[in-house]
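Reviewing the structure listed below.
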Amino acid sequence: MPIKMEAPHTVAEAGPSVAAGQVSPVTSQTPRREAARGFREGNGGPRMDWIRQLHDHMPDAVFFIGDRHRISACNKAAVALFGYEERELIGRKIGFVWRPTPDIRLNGRWADEGAVRAGLAITKSGAQFPTALTIIRKHDEKGVFTAAVFEDFRTEGETLRQVRELQLEIARLARVTELGEMASTLAHELSQPLSSIAAYSEGCGRLVTGKRPGRSEELREALLEIKRHALWAGSIVQNVREFAERGASERTPEAMHELIHKAARLALIGSRRKDMHTDFQFEAAQDTVLANRVQIVQVLTNLVRNALEATECVEQPRIAIRTAVDSFAHLVVDVSDNGCGIAAEIEDSLFRPFVTCKPHGLGMGLALSKRIVEAHGGRIGARRRTESGSVFSFSLPLVEIEADGERPDDPSRR
Ligand SMILES: Nc1ncnc2c1ncn2[C@@H]1O[C@H](COP(=O)(O)OP(=O)(O)O)[C@@H](O)[C@H]1O
Ligand SMILES: [Mg+2]
């Protein structure tokens, strides 16, 4: 809000004859009353000395304006602020040390008080800085008494500048963090298809050099797998980019049970445990959700991969994926394992980025899964199993498929 300003010429025409040394104090009510009494009792005397002393203790620069709008006296703060001795200022006009700058806005607290102007103070050494000038005038039977008070806005300007710099820095750091998270997410998500591609390529190499009959068919299938994983990696890159940009992406009705099969296959491909027991318990009668296929498969592969890693040290590893419909028409997916269980020290921060207990873990899988599930209008959580191991669950709103095959609305975007 721009401050309310007095017309520029007011200062220069600060009233008719005012005797040098006549003062009009400025800030609190007490000095104002004292000054008024001082004026009534005439110039000089103990009262005036006291008023002068009072002004010398004020932090703001005060000029007393006398005859022909000339400076008749000033306080110590004025000497300190402008760098002139009092004798160098006496007889000058205010314009000697100050010029108005109507385009500068000052702190709004002055706005209702009237005679306040924004301007630049000009010191003896030529330095310029923003100030607020307040003109205080008192009319009484002896004449008009005028004082000019300058408030130094350098520190406030500096504080504002620092706040602006800090805001810019915070915005920059947020971008860096986002970029870092995005890079980590990509690294995390791409590691799966890339290691599968590497494993299949190695297999292809063995097939080429081996002498087994029927290898061309095996080779063709392995090459097809490589192609599938490469395409999958490409769609992950595309999705992470879209997700980082918009937080949401294209969704279509998807059958969750099919996505679970696909994700489990993807996650288990790299597993070295041939004794892994996988149990699918699809109890949900409906399984259509409006989803971004790639993202929901990412969530599922993250959960299954975590379950695989949690069961590495278990004799008979077992992963169960169960679906059900809850009373809020949400499809609930539970991924449970009989692994090591959730470490107590990270129980409360499981879904935060970069929280991991694994020596080579990134701690991005669950954080990203939470973001994806919530962007789809669902919830995700984890609990310990009563037996050993843990259960990670997420829910997504179910959608009705219209009889005429029309695409339903996205409930999370309503
Ligand atoms: N099924 C699970 N059983 C036990 N702990 C788990 C399970 N899934 C996740 N966690 C814990 O949560 C942490 C974070 O998982 P995640 O975000 O996927 O990152 P990362 O797998 O890279 O460590 C893991 O390091 C692990 O300690
Ligand atoms: Mg993980």
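Going by the structure tokens order, chains are called A, B, ..., each with residues numbered from 1, while ligands are numbered from 1 in the order shown.
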
Dump the neighbourhood of ligand 2 as a PyMOL selection string: all residues within 6 Å, distances computed on only C-alpha atoms and all ligand atoms.
chain A and resi 302+306+365

Would you return as a PyMOL selection string the members of segment 34-258 of chain A that DSSP assigns to helix (DSSP H, G or I) on this structure's backbone?
chain A and resi 34-40+45-56+67-69+76-82+86-89+94-96+108-113+154-209+215-246+256-258

Nearby polymer residues, ligand 1, at most 7 Å, only C-alpha atoms and all ligand atoms, as a VMD selection string:
chain A and resid 302 to 303 306 to 307 310 336 to 337 339 to 343 350 to 351 353 355 to 358 361 to 367 389 to 392

Applying 6 Å and only C-alpha atoms, which residues near segment 56-65 of chain A remain after dropping the ones on its own chain fewer than 5 positions away? List them as an mmCIF file with N, CA, C and O atoms, in the first residue's frame.
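See result_33.cif below for the written result:
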data_model
loop_
_atom_site.group_PDB
_atom_site.id
_atom_site.type_symbol
_atom_site.label_atom_id
_atom_site.label_comp_id
_atom_site.auth_asym_id
_atom_site.auth_seq_id
_atom_site.Cartn_x
_atom_site.Cartn_y
_atom_site.Cartn_z
ATOM 1 N N VAL A 23 10.613 24.220 19.248
ATOM 2 C CA VAL A 23 10.567 22.825 18.839
ATOM 3 C C VAL A 23 9.164 22.257 18.940
ATOM 4 O O VAL A 23 8.333 22.765 19.652
ATOM 5 N N ARG A 70 13.750 27.313 7.382
ATOM 6 C CA ARG A 70 15.154 26.911 7.538
ATOM 7 C C ARG A 70 15.320 26.057 8.782
ATOM 8 O O ARG A 70 14.597 26.234 9.772
ATOM 9 N N ILE A 71 16.310 25.211 8.757
ATOM 10 C CA ILE A 71 16.589 24.377 9.929
ATOM 11 C C ILE A 71 17.127 25.281 11.032
ATOM 12 O O ILE A 71 18.071 26.062 10.802
ATOM 13 N N SER A 72 16.498 25.172 12.209
ATOM 14 C CA SER A 72 16.960 26.020 13.302
ATOM 15 C C SER A 72 17.735 25.219 14.346
ATOM 16 O O SER A 72 18.502 25.768 15.117
ATOM 17 N N ALA A 73 17.511 23.925 14.387
ATOM 18 C CA ALA A 73 18.235 23.064 15.335
ATOM 19 C C ALA A 73 18.011 21.611 14.920
ATOM 20 O O ALA A 73 17.130 21.323 14.105
ATOM 21 N N CYS A 74 18.822 20.723 15.463
ATOM 22 C CA CYS A 74 18.582 19.292 15.210
ATOM 23 C C CYS A 74 19.078 18.479 16.389
ATOM 24 O O CYS A 74 19.818 18.986 17.234
ATOM 25 N N ASN A 75 18.682 17.234 16.455
ATOM 26 C CA ASN A 75 19.143 16.390 17.572
ATOM 27 C C ASN A 75 20.396 15.603 17.166
ATOM 28 O O ASN A 75 20.855 15.680 16.016
ATOM 29 N N LYS A 76 20.903 14.814 18.132
ATOM 30 C CA LYS A 76 22.157 14.070 17.877
ATOM 31 C C LYS A 76 21.970 13.020 16.782
ATOM 32 O O LYS A 76 22.867 12.760 15.997
ATOM 33 N N ALA A 77 20.772 12.413 16.766
ATOM 34 C CA ALA A 77 20.519 11.367 15.760
ATOM 35 C C ALA A 77 20.603 11.953 14.355
ATOM 36 O O ALA A 77 21.075 11.291 13.418
ATOM 37 N N ALA A 78 20.192 13.215 14.183
ATOM 38 C CA ALA A 78 20.258 13.855 12.866
ATOM 39 C C ALA A 78 21.713 14.047 12.457
ATOM 40 O O ALA A 78 22.091 13.804 11.302
ATOM 41 N N THR A 146 7.284 23.879 13.825
ATOM 42 C CA THR A 146 7.408 22.749 12.895
ATOM 43 C C THR A 146 8.643 21.912 13.208
ATOM 44 O O THR A 146 9.717 22.465 13.497
ATOM 45 N N ALA A 147 8.478 20.610 13.127
ATOM 46 C CA ALA A 147 9.627 19.706 13.246
ATOM 47 C C ALA A 147 9.549 18.676 12.122
ATOM 48 O O ALA A 147 8.462 18.320 11.670
ATOM 49 N N ALA A 148 10.722 18.255 11.672
ATOM 50 C CA ALA A 148 10.781 17.213 10.637
ATOM 51 C C ALA A 148 11.497 16.009 11.248
ATOM 52 O O ALA A 148 12.589 16.154 11.803
ATOM 53 N N VAL A 149 10.872 14.868 11.168
ATOM 54 C CA VAL A 149 11.461 13.655 11.761
ATOM 55 C C VAL A 149 11.784 12.675 10.634
ATOM 56 O O VAL A 149 10.946 12.408 9.773
ATOM 57 N N PHE A 150 12.994 12.166 10.647
ATOM 58 C CA PHE A 150 13.413 11.209 9.613
ATOM 59 C C PHE A 150 13.564 9.830 10.224
ATOM 60 O O PHE A 150 14.257 9.662 11.223
ATOM 61 N N GLU A 151 12.948 8.867 9.603
ATOM 62 C CA GLU A 151 13.153 7.488 10.043
ATOM 63 C C GLU A 151 14.001 6.776 9.000
ATOM 64 O O GLU A 151 13.691 6.810 7.802
#

Neighbouring residues of Ala320 of chain A were defined as those with any atom within 6 Å, considering only C-alpha atoms; residues of the same chain fewer than 3 positions away were excluded. Please report them as an NGL selection string.
:A and (278-280 or 335-336)

List as a PyMOL selection string the protein and nucleic acid residues near segment 92-100 of chain A, meaning an atom at most 8 Å away when only C-alpha atoms are counted, but skip any in the same chain fewer than 3 places from it.
chain A and resi 8+11-12+69-71+82+89+117-123

Just list the residues in segment 88-239 of chain A DSSP gives strand (DSSP E or B) on the backbone, as an MDAnalysis selection string.
chainID A and resid 98:100 116:122 128:140 143:152

Shell around segment 260-268 of chain A at 7 Å using only C-alpha atoms, local window under 6 positions removed, as JSON, numbers by chain
{"A": [297, 300, 301, 304, 305]}

Mind pulling up the distance from atom CA of Glu374 of chain A to atom CA of Ser393 of chain A?
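Distance reported for this atom pair: 12.7 Å.
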
Pairwise distance, atom CA of Glu315 of chain A with atom CA of Glu202 of chain A, equals 28.8 Å

Measuring atom to atom with only C-alpha atoms, identify which of A:Glu178, A:Ala375, A:His229, A:Arg322 is nearest to Asn292 of chain A.
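Between A:Glu178, A:Ala375, A:His229, A:Arg322, the residue approaching Asn292 of chain A most closely is A:Ala375.
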